[in-house]
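So this block is entry-v6.cif, mmCIF, C-alpha atoms:
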data_input
#
loop_
_atom_site.label_atom_id
_atom_site.label_comp_id
_atom_site.auth_asym_id
_atom_site.auth_seq_id
_atom_site.Cartn_x
_atom_site.Cartn_y
_atom_site.Cartn_z
CA MET A 39 0.00 0.00 0.00
CA ASN A 40 1.29 3.46 -0.96
CA SER A 41 1.50 5.56 2.20
CA LYS A 42 3.05 8.56 0.47
CA ARG A 43 1.09 11.79 0.45
CA LYS A 44 -0.09 12.67 -3.03
CA ILE A 45 0.66 16.34 -3.80
CA ALA A 46 -1.09 17.72 -6.89
CA VAL A 47 0.52 20.92 -8.20
CA VAL A 48 -1.48 22.80 -10.83
CA ILE A 49 0.63 24.87 -13.25
CA THR A 50 -1.44 27.28 -15.32
CA ALA A 51 1.07 29.60 -17.02
CA ARG A 52 4.67 30.07 -18.07
CA PRO A 53 5.66 32.23 -15.07
CA SER A 54 4.02 29.82 -12.62
CA TYR A 55 6.41 27.05 -13.58
CA SER A 56 9.53 29.03 -12.69
CA ARG A 57 7.77 30.11 -9.48
CA ILE A 58 7.36 26.49 -8.37
CA LYS A 59 10.05 24.42 -10.14
CA THR A 60 12.38 23.91 -7.15
CA ALA A 61 9.41 22.92 -4.97
CA LEU A 62 8.41 20.35 -7.62
CA GLN A 63 11.95 18.94 -7.54
CA ALA A 64 11.94 18.79 -3.74
CA ILE A 65 8.49 17.13 -3.66
CA GLN A 66 9.60 14.59 -6.27
CA GLN A 67 12.72 13.75 -4.24
CA HIS A 68 10.95 13.64 -0.87
CA PRO A 69 10.61 10.05 0.47
CA GLU A 70 7.16 10.72 1.95
CA LEU A 71 5.59 12.53 -1.01
CA GLU A 72 4.27 11.58 -4.44
CA LEU A 73 4.16 14.40 -6.99
CA GLN A 74 1.20 14.82 -9.36
CA VAL A 75 1.84 17.56 -11.93
CA ILE A 76 -1.26 18.99 -13.59
CA VAL A 77 -0.70 21.39 -16.48
CA SER A 78 -3.51 23.63 -17.68
CA ALA A 79 -4.49 26.88 -19.37
CA SER A 80 -1.82 28.90 -21.22
CA ALA A 81 1.00 26.62 -20.02
CA LEU A 82 -0.23 24.19 -22.69
CA LEU A 83 -0.44 26.68 -25.56
CA GLU A 84 2.26 27.01 -28.20
CA ARG A 85 1.57 30.70 -28.73
CA TYR A 86 2.58 31.38 -25.12
CA GLY A 87 5.77 29.36 -25.29
CA SER A 88 4.55 25.84 -24.50
CA ALA A 89 5.75 25.78 -20.89
CA VAL A 90 4.56 22.17 -20.84
CA ASN A 91 7.56 21.23 -23.02
CA TYR A 92 10.01 22.59 -20.44
CA ILE A 93 8.18 20.80 -17.64
CA GLU A 94 8.60 17.49 -19.46
CA GLN A 95 12.21 18.23 -20.47
CA ASP A 96 13.03 18.83 -16.81
CA GLY A 97 11.99 15.27 -16.02
CA PHE A 98 8.52 15.75 -14.54
CA THR A 99 5.78 13.28 -15.45
CA ILE A 100 2.54 15.06 -16.22
CA ALA A 101 -0.42 13.39 -14.53
CA ALA A 102 -3.07 15.40 -16.39
CA LYS A 103 -3.51 18.17 -18.96
CA VAL A 104 -6.45 20.56 -18.79
CA PHE A 105 -7.23 22.55 -21.94
CA ASN A 106 -9.47 25.39 -20.79
CA VAL A 107 -8.30 28.68 -22.34
CA LEU A 108 -11.06 30.42 -24.25
CA GLU A 109 -9.88 32.55 -27.17
CA GLY A 110 -10.46 36.28 -26.98
CA GLU A 111 -8.07 37.56 -24.33
CA ASN A 112 -10.71 39.82 -22.84
CA LEU A 113 -12.50 39.94 -19.50
CA THR A 114 -15.34 37.63 -20.61
CA ALA A 115 -12.87 35.05 -21.89
CA ALA A 116 -10.94 35.20 -18.61
CA ALA A 117 -14.10 34.56 -16.59
CA LYS A 118 -15.20 31.68 -18.84
CA THR A 119 -11.70 30.17 -18.84
CA THR A 120 -11.90 30.11 -15.05
CA GLY A 121 -15.30 28.38 -15.22
CA LEU A 122 -14.03 25.75 -17.64
CA GLY A 123 -11.07 25.22 -15.34
CA ILE A 124 -13.35 24.42 -12.41
CA LEU A 125 -15.26 21.85 -14.50
CA GLU A 126 -12.15 20.13 -15.86
CA LEU A 127 -10.02 20.24 -12.70
CA SER A 128 -12.86 18.74 -10.65
CA THR A 129 -12.72 15.65 -12.86
CA VAL A 130 -8.92 15.52 -12.66
CA PHE A 131 -8.95 15.77 -8.85
CA ASP A 132 -11.63 13.07 -8.69
CA ASN A 133 -9.41 10.77 -10.74
CA LEU A 134 -6.07 11.52 -9.06
CA LYS A 135 -7.41 11.80 -5.49
CA PRO A 136 -4.60 14.03 -4.16
CA ASP A 137 -4.07 14.55 -0.43
CA ILE A 138 -3.11 18.20 -0.96
CA VAL A 139 -3.55 20.51 -3.96
CA VAL A 140 -1.00 23.30 -4.49
CA THR A 141 -1.93 26.47 -6.35
CA ILE A 142 0.47 29.24 -7.33
CA ALA A 143 0.23 33.01 -7.10
CA ASP A 144 -2.66 35.01 -8.50
CA ARG A 145 -3.41 34.43 -12.17
CA PHE A 146 -7.12 34.15 -12.93
CA GLU A 147 -6.80 30.44 -13.78
CA THR A 148 -5.54 29.71 -10.26
CA MET A 149 -8.97 30.63 -8.93
CA ALA A 150 -10.35 27.55 -10.70
CA THR A 151 -7.84 25.34 -8.87
CA ALA A 152 -8.74 26.85 -5.52
CA ILE A 153 -12.51 26.57 -6.00
CA ALA A 154 -12.42 23.00 -7.31
CA ALA A 155 -10.20 21.77 -4.46
CA SER A 156 -12.21 23.63 -1.81
CA TYR A 157 -15.58 22.26 -2.90
CA MET A 158 -14.12 18.75 -3.07
CA ASN A 159 -12.80 18.97 0.53
CA ILE A 160 -9.19 18.60 -0.61
CA PRO A 161 -6.65 20.53 1.54
CA LEU A 162 -5.34 23.49 -0.45
CA ALA A 163 -1.87 25.04 -0.21
CA HIS A 164 -1.24 28.49 -1.69
CA VAL A 165 2.22 29.69 -2.75
CA GLN A 166 2.81 33.48 -2.85
CA GLY A 167 -0.30 34.68 -1.06
CA GLY A 168 -0.51 37.93 0.88
CA GLU A 169 1.07 40.18 -1.73
CA VAL A 170 -0.47 43.39 -3.01
CA THR A 171 -0.41 44.86 -6.49
CA GLY A 172 -3.55 46.98 -6.69
CA ASN A 173 -5.18 45.26 -9.69
CA ILE A 174 -7.53 42.29 -10.30
CA ASP A 175 -4.74 39.88 -9.32
CA GLU A 176 -4.99 41.21 -5.77
CA LYS A 177 -8.67 40.23 -5.53
CA VAL A 178 -7.85 36.78 -6.86
CA ARG A 179 -4.84 36.37 -4.56
CA HIS A 180 -6.70 37.33 -1.38
CA ALA A 181 -9.72 35.20 -2.37
CA ILE A 182 -7.43 32.19 -2.82
CA THR A 183 -5.91 32.94 0.60
CA LYS A 184 -9.35 32.62 2.18
CA LEU A 185 -9.99 29.36 0.30
CA SER A 186 -6.59 27.91 1.26
CA ASP A 187 -5.61 25.84 4.29
CA TYR A 188 -1.83 26.34 4.14
CA HIS A 189 0.04 29.48 3.11
CA PHE A 190 3.63 29.48 1.80
CA VAL A 191 4.35 33.18 1.51
CA ALA A 192 7.39 34.82 -0.06
CA SER A 193 8.14 37.79 2.20
CA ALA A 194 7.67 39.24 5.69
CA GLY A 195 5.11 41.76 4.42
CA ALA A 196 3.09 39.00 2.75
CA TYR A 197 3.16 37.00 6.00
CA GLU A 198 1.72 39.94 7.93
CA ARG A 199 -1.02 40.46 5.36
CA VAL A 200 -2.14 36.82 5.41
CA MET A 201 -2.26 37.00 9.20
CA LYS A 202 -4.43 40.14 8.98
CA LEU A 203 -6.80 38.25 6.68
CA GLY A 204 -7.50 36.05 9.70
CA GLU A 205 -5.68 32.85 8.76
CA ASN A 206 -4.52 30.33 11.35
CA PRO A 207 -0.94 31.31 12.33
CA LYS A 208 -0.06 27.61 12.66
CA PHE A 209 -0.39 27.26 8.90
CA VAL A 210 1.17 30.50 7.62
CA PHE A 211 4.84 30.01 6.70
CA ASN A 212 7.33 32.55 5.33
CA THR A 213 9.18 30.12 3.07
CA GLY A 214 10.52 32.70 0.62
CA CYS A 215 9.80 32.36 -3.09
CA PRO A 216 10.91 29.19 -4.94
CA SER A 217 11.93 31.35 -7.89
CA ILE A 218 14.72 32.78 -5.71
CA ASP A 219 16.10 29.22 -5.44
CA LEU A 220 16.70 29.30 -9.21
CA ALA A 221 18.31 32.73 -8.96
CA ALA A 222 20.59 31.45 -6.18
CA GLU A 223 21.69 28.54 -8.40
CA VAL A 224 22.41 30.90 -11.30
CA LEU A 225 24.54 33.12 -9.05
CA LYS A 226 26.61 30.09 -8.02
CA GLN A 227 27.39 29.12 -11.62
CA THR A 228 30.77 30.14 -12.98
CA ASN A 229 29.73 29.98 -16.64
CA THR A 230 26.35 31.52 -17.41
CA ALA A 231 27.00 32.30 -21.09
CA PHE A 232 24.83 30.83 -23.87
CA ASP A 233 23.62 31.90 -27.31
CA PRO A 234 19.93 32.84 -26.94
CA TYR A 235 19.44 33.19 -30.70
CA LYS A 236 20.75 29.71 -31.43
CA LYS A 237 18.93 28.04 -28.53
CA TYR A 238 15.56 29.81 -28.73
CA GLY A 239 15.18 31.20 -32.24
CA GLY A 240 12.71 34.05 -32.11
CA VAL A 241 12.19 36.87 -34.60
CA GLY A 242 14.42 39.76 -35.66
CA ASN A 243 18.11 40.57 -36.08
CA HIS A 244 20.89 39.11 -33.94
CA PRO A 245 22.58 42.16 -32.41
CA ASN A 246 25.91 41.62 -30.62
CA LEU A 247 25.28 41.24 -26.88
CA SER A 248 28.90 41.40 -25.70
CA ASN A 249 28.74 45.09 -24.71
CA GLY A 250 25.49 44.91 -22.78
CA TYR A 251 21.80 44.86 -23.65
CA VAL A 252 18.34 45.67 -22.33
CA VAL A 253 15.65 43.03 -21.66
CA VAL A 254 11.97 43.99 -22.02
CA MET A 255 9.01 42.02 -20.65
CA GLN A 256 5.73 43.91 -20.43
CA HIS A 257 2.31 42.36 -19.86
CA PRO A 258 -1.14 43.95 -20.23
CA VAL A 259 -2.76 45.13 -16.98
CA THR A 260 -6.18 43.51 -16.59
CA ASN A 261 -7.98 46.58 -15.21
CA GLU A 262 -6.37 48.75 -17.92
CA TYR A 263 -6.68 46.25 -20.76
CA LYS A 264 -8.26 48.71 -23.21
CA GLU A 265 -5.10 50.81 -23.01
CA SER A 266 -2.71 47.88 -23.55
CA ARG A 267 -1.87 48.91 -27.14
CA LYS A 268 -1.09 52.49 -26.07
CA HIS A 269 0.97 51.29 -23.10
CA ILE A 270 3.15 49.02 -25.21
CA GLU A 271 3.64 51.71 -27.86
CA GLU A 272 5.14 54.03 -25.22
CA THR A 273 7.68 51.36 -24.27
CA LEU A 274 8.47 50.58 -27.91
CA GLU A 275 9.03 54.28 -28.56
CA ALA A 276 11.36 54.47 -25.55
CA VAL A 277 13.65 51.67 -26.78
CA LYS A 278 13.48 52.06 -30.55
CA ASP A 279 16.56 54.31 -30.71
CA LEU A 280 18.64 52.80 -27.89
CA SER A 281 22.30 52.30 -28.71
CA LYS A 282 22.26 48.92 -26.92
CA PRO A 283 20.55 45.73 -28.18
CA VAL A 284 17.00 45.08 -26.94
CA LEU A 285 15.74 41.54 -26.23
CA TRP A 286 11.93 41.58 -26.05
CA PHE A 287 9.78 38.81 -24.55
CA TRP A 288 6.15 38.04 -25.45
CA PRO A 289 3.37 38.91 -22.96
CA ASN A 290 1.21 36.64 -20.81
CA VAL A 291 -2.27 35.51 -21.89
CA ASP A 292 -4.24 38.22 -20.08
CA ALA A 293 -7.07 40.52 -21.04
CA GLY A 294 -5.42 43.06 -23.32
CA ALA A 295 -2.77 40.67 -24.66
CA ASP A 296 -4.13 41.15 -28.20
CA GLY A 297 -3.49 44.88 -27.96
CA THR A 298 0.03 44.31 -26.62
CA SER A 299 0.86 41.70 -29.27
CA ASN A 300 -0.63 43.72 -32.13
CA GLY A 301 1.32 46.79 -31.02
CA ILE A 302 4.57 44.83 -31.07
CA ARG A 303 3.84 43.31 -34.49
CA ALA A 304 2.90 46.67 -36.03
CA PHE A 305 6.05 48.27 -34.64
CA ARG A 306 8.21 45.42 -35.91
CA GLU A 307 6.77 45.56 -39.40
CA HIS A 308 6.97 49.35 -39.66
CA HIS A 309 10.39 49.98 -38.11
CA GLN A 310 12.20 46.65 -38.64
CA PRO A 311 14.58 47.60 -35.82
CA LYS A 312 18.09 46.25 -36.33
CA HIS A 313 18.98 46.32 -32.62
CA MET A 314 15.96 44.32 -31.44
CA HIS A 315 15.13 40.62 -31.18
CA PHE A 316 11.83 39.10 -30.03
CA PHE A 317 11.49 35.85 -28.06
CA LYS A 318 8.35 33.88 -27.30
CA ASN A 319 9.71 32.02 -24.30
CA MET A 320 12.83 30.82 -22.52
CA GLU A 321 13.63 28.30 -19.80
CA GLY A 322 13.58 29.93 -16.37
CA GLU A 323 17.27 29.46 -15.61
CA ASP A 324 18.33 30.73 -19.03
CA PHE A 325 16.13 33.80 -18.62
CA LEU A 326 17.82 34.52 -15.28
CA ARG A 327 21.27 34.02 -16.86
CA LEU A 328 20.29 36.54 -19.52
CA LEU A 329 19.04 39.00 -16.89
CA LEU A 330 22.19 38.64 -14.80
CA LYS A 331 24.28 40.12 -17.61
CA ALA A 332 21.73 42.69 -18.78
CA ASP A 333 22.06 46.44 -18.26
CA CYS A 334 18.50 46.36 -16.93
CA LEU A 335 15.03 44.84 -17.23
CA VAL A 336 12.28 47.10 -18.57
CA GLY A 337 8.54 46.42 -18.24
CA ASN A 338 6.18 45.24 -15.51
CA SER A 339 7.04 41.60 -14.82
CA SER A 340 7.21 40.41 -11.22
CA VAL A 341 10.61 38.89 -12.07
CA GLY A 342 11.90 42.45 -11.80
CA ILE A 343 10.57 42.72 -8.27
CA ARG A 344 11.62 39.23 -7.09
CA GLU A 345 14.50 37.55 -8.87
CA CYS A 346 16.13 40.79 -10.02
CA ALA A 347 16.21 42.02 -6.41
CA TYR A 348 18.18 38.90 -5.44
CA LEU A 349 20.41 39.05 -8.53
CA GLY A 350 21.08 42.79 -8.16
CA VAL A 351 19.72 43.58 -11.64
CA PRO A 352 18.36 47.13 -12.16
CA VAL A 353 14.72 47.39 -13.21
CA VAL A 354 12.64 50.08 -14.90
CA ASN A 355 9.17 49.14 -13.65
CA ILE A 356 6.42 50.64 -15.80
CA GLY A 357 2.91 51.47 -14.66
CA THR A 358 0.63 49.91 -12.07
CA ARG A 359 0.96 46.13 -12.45
CA GLN A 360 3.41 45.78 -9.53
CA HIS A 361 2.00 48.86 -7.80
CA LYS A 362 2.19 47.89 -4.10
CA ARG A 363 4.59 44.95 -4.18
CA GLU A 364 7.55 45.08 -1.76
CA ARG A 365 10.69 46.28 -3.54
CA GLY A 366 14.41 45.93 -3.15
CA ASN A 367 16.72 48.82 -4.02
CA ASN A 368 16.94 47.74 -7.66
CA VAL A 369 13.64 49.21 -8.92
CA VAL A 370 12.94 52.58 -10.57
CA ASP A 371 9.19 53.19 -11.05
CA VAL A 372 7.92 55.18 -14.04
CA ASP A 373 4.59 55.90 -15.71
CA TYR A 374 3.53 54.80 -19.21
CA ASN A 375 5.59 57.54 -20.82
CA ALA A 376 8.28 57.01 -23.46
CA ALA A 377 10.47 59.92 -22.35
CA LYS A 378 10.40 58.86 -18.68
CA ILE A 379 11.16 55.24 -19.57
CA LYS A 380 14.07 56.32 -21.78
CA ASN A 381 15.47 58.62 -19.07
CA ALA A 382 15.23 55.88 -16.45
CA ILE A 383 17.16 53.44 -18.67
CA ALA A 384 19.86 56.08 -19.30
CA SER A 385 20.14 56.82 -15.57
CA ILE A 386 20.50 53.12 -14.71
CA GLN A 387 23.22 52.62 -17.33
CA GLN A 388 25.27 55.42 -15.77
CA ASN A 389 25.13 54.05 -12.21
CA PRO A 390 26.67 50.95 -10.54
CA LYS A 391 24.50 47.85 -10.18
CA PRO A 392 22.52 47.57 -6.91
CA HIS A 393 23.40 45.10 -4.15
CA SER A 394 21.55 41.79 -3.80
CA SER A 395 18.43 41.81 -1.60
CA LEU A 396 16.97 38.87 0.39
CA ILE A 397 13.51 40.42 0.58
CA TYR A 398 11.96 37.38 -1.21
CA GLY A 399 14.05 34.63 0.38
CA ASN A 400 17.51 33.11 0.55
CA GLY A 401 17.24 30.26 -1.97
CA ASN A 402 15.85 27.39 0.12
CA ALA A 403 12.10 27.75 -0.45
CA GLY A 404 11.49 24.59 -2.50
CA LYS A 405 12.86 22.21 0.10
CA THR A 406 11.10 24.08 2.92
CA ILE A 407 7.75 23.79 1.10
CA ALA A 408 8.20 20.07 0.44
CA ASP A 409 9.06 19.38 4.09
CA LEU A 410 5.97 21.29 5.22
CA LEU A 411 3.71 19.44 2.76
CA ALA A 412 4.95 16.16 4.26
CA THR A 413 4.22 17.18 7.85
CA VAL A 414 1.22 19.53 8.08
CA PRO A 415 -2.02 17.91 9.32
CA LEU A 416 -4.50 17.28 6.51
CA LEU A 417 -7.21 19.90 6.99
CA PHE A 418 -9.85 21.28 4.66
CA HIS A 419 -11.95 23.38 7.04
CA LYS A 420 -11.39 26.40 9.25
CA THR A 421 -13.34 25.55 12.39
CA ILE A 422 -10.29 25.12 14.63
CA GLU A 423 -10.07 27.65 17.44
CA TYR A 424 -7.01 29.91 17.41
#
Represent the structure of the file as structure tokens.
Amino acid sequence: MNSKRKIAVVITARPSYSRIKTALQAIQQHPELELQVIVSASALLERYGSAVNYIEQDGFTIAAKVFNVLEGENLTAAAKTTGLGILELSTVFDNLKPDIVVTIADRFETMATAIAASYMNIPLAHVQGGEVTGNIDEKVRHAITKLSDYHFVASAGAYERVMKLGENPKFVFNTGCPSIDLAAEVLKQTNTAFDPYKKYGGVGNHPNLSNGYVVVMQHPVTNEYKESRKHIEETLEAVKDLSKPVLWFWPNVDAGADGTSNGIRAFREHHQPKHMHFFKNMEGEDFLRLLLKADCLVGNSSVGIRECAYLGVPVVNIGTRQHKRERGNNVVDVDYNAAKIKNAIASIQQNPKPHSSLIYGNGNAGKTIADLLATVPLLFHKTIEY
């Protein structure tokens, strides 16, 4: 008889995989745990980089795939995608019968995981709860906190917020963020060089990266999705005449992604910039290796707030997407304005790189999470007195 605890981890998007990879490895290696990887939503889609391929290449067996993304990339599609996720994941959980379900962060698809597990009386663990950003993700994140039984938060501020939401202090753990584990490994490596053009293809010229470069990753903001085309055009304008190469990464599948993508395509066709190259996706560790040697990261990705703080990589953070998130000393905040973005990049390039910050952990989150999953009591209700 198998006495191992079955831990189902639902991965819904490209960023979620890098957020949880070291925890997956630690769960897989733990003698008292059995890992069940469930891949759903945009993590399965080729147009968003087929994160599922990297999951399989890294040696994880996929227990189930859930195709639930509705085309449209608008608010209605996001809501319906969540509904389809509840329907499909309920069947998957019924088949796999996990002891604990793990959901990651705050993307709209993670709500489906939380609702399905909660209604099926399956204990739910939430990674990266308690953070604030000021947009729809914050509603989703705090709602998942209230649906969850165990909380693996990434920072001291997040810990305090989950406690204020009234969760049982016995089951709130400041583990740090598993993505910092990957950053810690990259920092330890003596040779981080690779050819991104050869390994990942992409679109555009192959500018020489030996004298520095700028990385751009900008996603639409769900409560500003109608302005996503205008927002991306400001950033494109800011970097179109930079003297350094620009490596641009495709956005997430969020409401407004069509506007972002169409803005990039129109710019590319009209300007055919010789100093720019566009990537659809990249393995998490390779992306961090690329960031480590970059002049700066430009955009609104949470990687700028988390991993770049640990790596000491400067960040030009644009707009409201990371509005209230705790920051290290590596972040310069600017509005959606080409001139301000351009000035911030120039200022960063003239100053020394910031020191590393441990605000989101010290590189041991994955193992800590696995150990906790093996030992916490199996609970799916909140009637305990505390």
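A straight line drawn from CA of Val336 (chain A) to CA of Val252 (chain A) is 7.3 Å long.
With CA of Thr171 (chain A) on one side and CA of Val372 (chain A) on the other, the separation reads 15.3 Å.
Take the candidates A:Val277, A:Val48, A:Val351, A:Leu73 and check each one against Val104 (chain A) using all atoms listed in the file; the shortest distance goes to A:Val48.
The shortest atom-to-atom distance to Ala102 (chain A), with only C-alpha atoms taken into account, belongs to A:Val47 out of A:Val47, A:Asn300, A:Phe325, A:Pro53.
Of the residues under consideration (A:Lys42, A:Arg57, A:His68, A:Arg52), A:His68 shows the shortest atom-to-atom contact distance to Asp409 (chain A) when counting only C-alpha atoms.
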Exercise for review: Given the file shown, enumerate the residues that the PyMOL selection byres ((chain A and resi 357) around 9) captures and present them as JSON, numbers by chain.
Suggested key: {"A": [259, 269, 337, 338, 355, 356, 358, 359, 360, 361, 371, 372, 373, 374]}
Revision key, fill the gap. In terms of all atoms listed in the file, the residue from A:Glu176, A:Asp233, A:Asp333, A:Glu323 at minimal distance from Ser281 (chain A) is A:Asp333
Review point. Written as an MDAnalysis selection string, what is the full residue list that the PyMOL selection byres ((chain A and resi 284) around 12) yields on the file shown?
Key: chainID A and resid 242:247 249:255 273:274 276:283 285:287 311:317 328:329 332:336 383
Filtering to C-alpha atoms, could you give me those residues as a compact mmCIF listing (two decimals), in the coordinates of the input?
# COMPACT_ATOMS: atom_id res chain seq x y z
CA GLY A 242 14.42 39.76 -35.66
CA ASN A 243 18.11 40.57 -36.08
CA HIS A 244 20.89 39.11 -33.94
CA PRO A 245 22.58 42.16 -32.41
CA ASN A 246 25.91 41.62 -30.62
CA LEU A 247 25.28 41.24 -26.88
CA ASN A 249 28.74 45.09 -24.71
CA GLY A 250 25.49 44.91 -22.78
CA TYR A 251 21.80 44.86 -23.65
CA VAL A 252 18.34 45.67 -22.33
CA VAL A 253 15.65 43.03 -21.66
CA VAL A 254 11.97 43.99 -22.02
CA MET A 255 9.01 42.02 -20.65
CA THR A 273 7.68 51.36 -24.27
CA LEU A 274 8.47 50.58 -27.91
CA ALA A 276 11.36 54.47 -25.55
CA VAL A 277 13.65 51.67 -26.78
CA LYS A 278 13.48 52.06 -30.55
CA ASP A 279 16.56 54.31 -30.71
CA LEU A 280 18.64 52.80 -27.89
CA SER A 281 22.30 52.30 -28.71
CA LYS A 282 22.26 48.92 -26.92
CA PRO A 283 20.55 45.73 -28.18
CA LEU A 285 15.74 41.54 -26.23
CA TRP A 286 11.93 41.58 -26.05
CA PHE A 287 9.78 38.81 -24.55
CA PRO A 311 14.58 47.60 -35.82
CA LYS A 312 18.09 46.25 -36.33
CA HIS A 313 18.98 46.32 -32.62
CA MET A 314 15.96 44.32 -31.44
CA HIS A 315 15.13 40.62 -31.18
CA PHE A 316 11.83 39.10 -30.03
CA PHE A 317 11.49 35.85 -28.06
CA LEU A 328 20.29 36.54 -19.52
CA LEU A 329 19.04 39.00 -16.89
CA ALA A 332 21.73 42.69 -18.78
CA ASP A 333 22.06 46.44 -18.26
CA CYS A 334 18.50 46.36 -16.93
CA LEU A 335 15.03 44.84 -17.23
CA VAL A 336 12.28 47.10 -18.57
CA ILE A 383 17.16 53.44 -18.67
Distance query Gly399 (chain A) at most 6 Å, all atoms listed in the file, self and fewer than 2 positions along chain excluded, as a compact mmCIF listing (two decimals) with C-alpha atoms, in the frame of the given file:
# COMPACT_ATOMS: atom_id res chain seq x y z
CA GLY A 214 10.52 32.70 0.62
CA CYS A 215 9.80 32.36 -3.09
CA LEU A 396 16.97 38.87 0.39
CA ILE A 397 13.51 40.42 0.58
CA GLY A 401 17.24 30.26 -1.97
Hey, what comes out of the PyMOL selection byres ((chain A and resi 170) around 10) on this file? Could you write it as a compact mmCIF listing (two decimals) with C-alpha atoms, in the coordinates of the input?
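Full text of selection.txt as output:
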# COMPACT_ATOMS: atom_id res chain seq x y z
CA GLY A 167 -0.30 34.68 -1.06
CA GLY A 168 -0.51 37.93 0.88
CA GLU A 169 1.07 40.18 -1.73
CA THR A 171 -0.41 44.86 -6.49
CA GLY A 172 -3.55 46.98 -6.69
CA ASN A 173 -5.18 45.26 -9.69
CA ASP A 175 -4.74 39.88 -9.32
CA GLU A 176 -4.99 41.21 -5.77
CA LYS A 177 -8.67 40.23 -5.53
CA ARG A 179 -4.84 36.37 -4.56
CA HIS A 180 -6.70 37.33 -1.38
CA GLY A 195 5.11 41.76 4.42
CA ALA A 196 3.09 39.00 2.75
CA ARG A 199 -1.02 40.46 5.36
CA ARG A 359 0.96 46.13 -12.45
CA GLN A 360 3.41 45.78 -9.53
CA HIS A 361 2.00 48.86 -7.80
CA LYS A 362 2.19 47.89 -4.10
CA ARG A 363 4.59 44.95 -4.18
CA GLU A 364 7.55 45.08 -1.76
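Among the candidate residues A:Lys202, A:Asn290, A:Glu271, A:Lys331, the one lying nearest to Phe305 (chain A) is A:Glu271, with distances computed using all atoms listed in the file.
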Check your understanding: Contacts of Pro234 (chain A) at 9 Å or less, counting all atoms listed in the file, minus same-chain residues fewer than 4 places along, as a ChimeraX atom specification?
Key -> /A:238-240,320,324,328
Practice item. May I have the protein, DNA and RNA residues with an atom at most 8 Å from (-0.9, 45.1, -27.2), counting only C-alpha atoms in the file's coordinates, returned as a PyMOL selection string? Key: chain A and resi 258+266-270+294-302
Check your understanding: Can you find the residues with an atom no farther than 9 Å from (9.8, 13.4, -0.2), counting all atoms listed in the file, and report them as JSON, numbers by chain?
Key -> {"A": [42, 43, 64, 65, 66, 67, 68, 69, 70, 71, 72, 73, 408, 409, 412]}
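The closest residue to Leu127 (chain A), picked from A:Ala155, A:Leu330, A:Leu410, A:Ala81 and counting all atoms listed in the file, is A:Ala155.
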